[in-house]
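One structure is given here, and the rest of the page talks about it.
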Amino acid sequence: MRSLFKLPKIQMAIFLFLIFLSAFWYSPSASKLLTLTLALSSTVISDFMFTKLRRIPPFLLSAGIVSGLIIALLTDPSLPWYIPVLAGVLAMFSKNFLRFSRRHIFNPAGFGLILTAFIFQTGVSWWAVSFQTFPQNLIFFLILLTPAFVSIKKMRRHLTIFSFLIAYGIIFKNFFLDPTVLFFTLVMLPEPMTTPYIKKYQVIFGVFVSIISFLISSFFAGDPLITALLLGNIIFFKFL
């Protein structure tokens, strides 16, 4: 059991759940619990079914848990029930079937969120992280930073994180305490299965995503951060 909690994705899931609890504590509602339940159920169940179709032996569906938590944190709880469910199914579909070699190409949660936002014209909410500002909500802000332990120490994606933050800071001035950007940078951007493992490509990847997010925010509609991440996944999947 102790070894289970040493797994990076399990640790990430714990920190994401803490972020959800902090958001629920800040503004409790039954719809938020329902969104969490639906998102987690859809990712775990669909991941299990898809791995069965691929005839992969049973294993801990930690990726489904992490993706479900991210979808719950970034899906507006007031939306219809089928939206987080579909986002979860699409996330696990991309994880299991949109693959190159032995790795999936797209960040699963990002893929599910963007595709459902496009289909239903709803947008990505970021409801659970946007309020965690510094210094107004200091405790919540510190909870928001907890995934850094996994992404930097365990997954060793510090070059991706810092290159993105530096480039993004140069482009967007005065953003470093923006909770939305920090959550994206610490949780979604450095996902190890869909980002380069070679150090120089980690740096290039982080800079690329920051520049593309700026271009999208300037000239196009949609969520610039997650869309830029998915485009980065497409460009850099050969370097995984």
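In the structure tokens, each chain is lettered A, B, ... as it comes, each chain's residues begin at 1, and ligands are numbered from 1 in order of appearance.
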
Next on the checklist: Based on the backbone DSSP call, show me all residues of region 11-167 of chain A assigned helix (DSSP H, G or I), as a PyMOL selection string.
Outcome noted: chain A and resi 11-26+30-53+62-74+82-97+108-120+138-144+148-154+158-167

Item to check | Neighbour list for region 196-205 of chain A as a PyMOL selection string, cut-off 12 Å, only C-alpha atoms, skip fewer than 5 positions in-chain | outcome: chain A and resi 103+105+155-167+189-191+210-212+228-240

Checklist entry - Pick from A:Ala23, A:Val89, A:Leu34, A:Ile119: nearest to Phe48 (chain A), with only C-alpha atoms counted? => result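 Smallest distance to Phe48 (chain A) is found for A:Val89.
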
Item to check | Atom pair CA of Ile143 (chain A) / CA of Ser22 (chain A): separation (Å) | outcome: 7.7 Å

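Of all the residues in region 40-117 of chain A, the ones DSSP labels as strand (DSSP E or B) from the backbone are Arg99, Phe100, Arg103 and His104 of chain A.
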
Checklist entry - From the set A:Phe141, A:Thr195, A:Leu215, A:Leu115, which residue has the shortest atom-to-atom contact distance to Leu182 (chain A), counting only C-alpha atoms? => result A:Phe141

Next on the checklist: With only C-alpha atoms as the counted atoms, please give the residues lying no more than 12 Å from Gly88 (chain A), apart from itself and same-chain residues fewer than 6 positions off, as a PyMOL selection string.
Outcome noted: chain A and resi 35-47+63-72+74-75+81-82+94-95+108-116

Quick one: write out the picked residues with N, CA and C atoms as an mmCIF file, in the first residue's frame?
```
data_model
loop_
_atom_site.group_PDB
_atom_site.id
_atom_site.type_symbol
_atom_site.label_atom_id
_atom_site.label_comp_id
_atom_site.auth_asym_id
_atom_site.auth_seq_id
_atom_site.Cartn_x
_atom_site.Cartn_y
_atom_site.Cartn_z
ATOM 1 N N THR A 35 -20.492 16.725 -10.779
ATOM 2 C CA THR A 35 -19.533 16.830 -11.879
ATOM 3 C C THR A 35 -18.307 15.971 -11.609
ATOM 4 N N LEU A 36 -17.826 16.003 -10.373
ATOM 5 C CA LEU A 36 -16.673 15.171 -10.004
ATOM 6 C C LEU A 36 -17.003 13.691 -10.173
ATOM 7 N N THR A 37 -18.152 13.279 -9.689
ATOM 8 C CA THR A 37 -18.556 11.874 -9.778
ATOM 9 C C THR A 37 -18.690 11.425 -11.228
ATOM 10 N N LEU A 38 -19.325 12.252 -12.048
ATOM 11 C CA LEU A 38 -19.531 11.905 -13.453
ATOM 12 C C LEU A 38 -18.210 11.845 -14.216
ATOM 13 N N ALA A 39 -17.348 12.826 -13.985
ATOM 14 C CA ALA A 39 -16.072 12.867 -14.702
ATOM 15 C C ALA A 39 -15.193 11.680 -14.330
ATOM 16 N N LEU A 40 -15.092 11.397 -13.039
ATOM 17 C CA LEU A 40 -14.271 10.269 -12.594
ATOM 18 C C LEU A 40 -14.841 8.945 -13.087
ATOM 19 N N SER A 41 -16.143 8.787 -12.975
ATOM 20 C CA SER A 41 -16.768 7.537 -13.411
ATOM 21 C C SER A 41 -16.548 7.305 -14.907
ATOM 22 N N SER A 42 -16.712 8.353 -15.702
ATOM 23 C CA SER A 42 -16.590 8.187 -17.150
ATOM 24 C C SER A 42 -15.158 7.863 -17.561
ATOM 25 N N THR A 43 -14.175 8.506 -16.937
ATOM 26 C CA THR A 43 -12.788 8.227 -17.316
ATOM 27 C C THR A 43 -12.351 6.836 -16.874
ATOM 28 N N VAL A 44 -12.655 6.475 -15.656
ATOM 29 C CA VAL A 44 -12.206 5.167 -15.143
ATOM 30 C C VAL A 44 -12.912 4.029 -15.877
ATOM 31 N N ILE A 45 -14.224 4.133 -16.039
ATOM 32 C CA ILE A 45 -14.980 3.058 -16.693
ATOM 33 C C ILE A 45 -14.586 2.946 -18.169
ATOM 34 N N SER A 46 -14.513 4.073 -18.873
ATOM 35 C CA SER A 46 -14.164 4.012 -20.296
ATOM 36 C C SER A 46 -12.720 3.571 -20.495
ATOM 37 N N ASP A 47 -11.823 3.979 -19.613
ATOM 38 C CA ASP A 47 -10.435 3.521 -19.720
ATOM 39 C C ASP A 47 -10.361 2.012 -19.531
ATOM 40 N N ALA A 63 -4.149 6.902 -14.661
ATOM 41 C CA ALA A 63 -4.288 7.969 -15.666
ATOM 42 C C ALA A 63 -5.746 8.390 -15.808
ATOM 43 N N GLY A 64 -6.653 7.427 -15.734
ATOM 44 C CA GLY A 64 -8.070 7.752 -15.789
ATOM 45 C C GLY A 64 -8.520 8.582 -14.597
ATOM 46 N N ILE A 65 -7.961 8.283 -13.427
ATOM 47 C CA ILE A 65 -8.312 9.043 -12.224
ATOM 48 C C ILE A 65 -7.827 10.488 -12.343
ATOM 49 N N VAL A 66 -6.570 10.662 -12.756
ATOM 50 C CA VAL A 66 -6.019 12.008 -12.906
ATOM 51 C C VAL A 66 -6.796 12.802 -13.948
ATOM 52 N N SER A 67 -7.063 12.174 -15.096
ATOM 53 C CA SER A 67 -7.808 12.868 -16.153
ATOM 54 C C SER A 67 -9.211 13.240 -15.688
ATOM 55 N N GLY A 68 -9.860 12.335 -14.972
ATOM 56 C CA GLY A 68 -11.200 12.629 -14.468
ATOM 57 C C GLY A 68 -11.211 13.806 -13.507
ATOM 58 N N LEU A 69 -10.194 13.879 -12.653
ATOM 59 C CA LEU A 69 -10.107 15.000 -11.712
ATOM 60 C C LEU A 69 -9.876 16.322 -12.443
ATOM 61 N N ILE A 70 -9.010 16.303 -13.444
ATOM 62 C CA ILE A 70 -8.761 17.534 -14.206
ATOM 63 C C ILE A 70 -10.033 17.988 -14.913
ATOM 64 N N ILE A 71 -10.738 17.046 -15.534
ATOM 65 C CA ILE A 71 -11.985 17.387 -16.227
ATOM 66 C C ILE A 71 -13.000 17.969 -15.248
ATOM 67 N N ALA A 72 -13.095 17.391 -14.058
ATOM 68 C CA ALA A 72 -14.027 17.906 -13.054
ATOM 69 C C ALA A 72 -13.659 19.322 -12.621
ATOM 70 N N LEU A 74 -12.167 21.599 -14.398
ATOM 71 C CA LEU A 74 -12.217 22.583 -15.480
ATOM 72 C C LEU A 74 -13.534 22.581 -16.252
ATOM 73 N N THR A 75 -14.514 21.820 -15.801
ATOM 74 C CA THR A 75 -15.834 21.797 -16.434
ATOM 75 C C THR A 75 -16.838 22.535 -15.559
ATOM 76 N N TRP A 81 -25.250 17.095 -17.472
ATOM 77 C CA TRP A 81 -24.481 15.968 -16.962
ATOM 78 C C TRP A 81 -23.665 15.265 -18.045
ATOM 79 N N TYR A 82 -24.177 15.272 -19.269
ATOM 80 C CA TYR A 82 -23.511 14.495 -20.322
ATOM 81 C C TYR A 82 -22.205 15.139 -20.818
ATOM 82 N N SER A 94 -8.748 9.033 -26.662
ATOM 83 C CA SER A 94 -7.483 9.541 -27.201
ATOM 84 C C SER A 94 -6.295 8.838 -26.557
ATOM 85 N N LYS A 95 -6.396 8.558 -25.272
ATOM 86 C CA LYS A 95 -5.301 7.867 -24.571
ATOM 87 C C LYS A 95 -5.076 6.465 -25.123
ATOM 88 N N PRO A 108 -4.709 13.608 -22.442
ATOM 89 C CA PRO A 108 -6.081 13.085 -22.498
ATOM 90 C C PRO A 108 -7.139 14.066 -22.004
ATOM 91 N N ALA A 109 -6.932 14.635 -20.821
ATOM 92 C CA ALA A 109 -7.928 15.562 -20.280
ATOM 93 C C ALA A 109 -8.086 16.777 -21.184
ATOM 94 N N GLY A 110 -6.968 17.297 -21.687
ATOM 95 C CA GLY A 110 -7.038 18.442 -22.592
ATOM 96 C C GLY A 110 -7.812 18.121 -23.847
ATOM 97 N N PHE A 111 -7.599 16.942 -24.404
ATOM 98 C CA PHE A 111 -8.314 16.520 -25.610
ATOM 99 C C PHE A 111 -9.811 16.453 -25.352
ATOM 100 N N GLY A 112 -10.204 15.815 -24.243
ATOM 101 C CA GLY A 112 -11.627 15.696 -23.931
ATOM 102 C C GLY A 112 -12.283 17.034 -23.673
ATOM 103 N N LEU A 113 -11.583 17.915 -22.957
ATOM 104 C CA LEU A 113 -12.141 19.232 -22.638
ATOM 105 C C LEU A 113 -12.326 20.090 -23.879
ATOM 106 N N ILE A 114 -11.309 20.130 -24.733
ATOM 107 C CA ILE A 114 -11.380 20.991 -25.919
ATOM 108 C C ILE A 114 -12.421 20.475 -26.910
ATOM 109 N N LEU A 115 -12.483 19.160 -27.083
ATOM 110 C CA LEU A 115 -13.434 18.617 -28.059
ATOM 111 C C LEU A 115 -14.874 18.835 -27.605
ATOM 112 N N THR A 116 -15.161 18.622 -26.339
ATOM 113 C CA THR A 116 -16.529 18.859 -25.855
ATOM 114 C C THR A 116 -16.863 20.359 -25.880
#
```

Next on the checklist: List the spatial neighbours of Gly123 (chain A) as a VMD selection string - criterion: any atom at most 7 Å away, only C-alpha atoms, same-chain residues fewer than 4 positions off excluded.
Outcome noted: chain A and resid 117 222 to 223

Checklist entry - Which value, in Å to one decimal, gives the distance between CA of Leu21 (chain A) and CA of Ala91 (chain A)? => result 22.8 Å
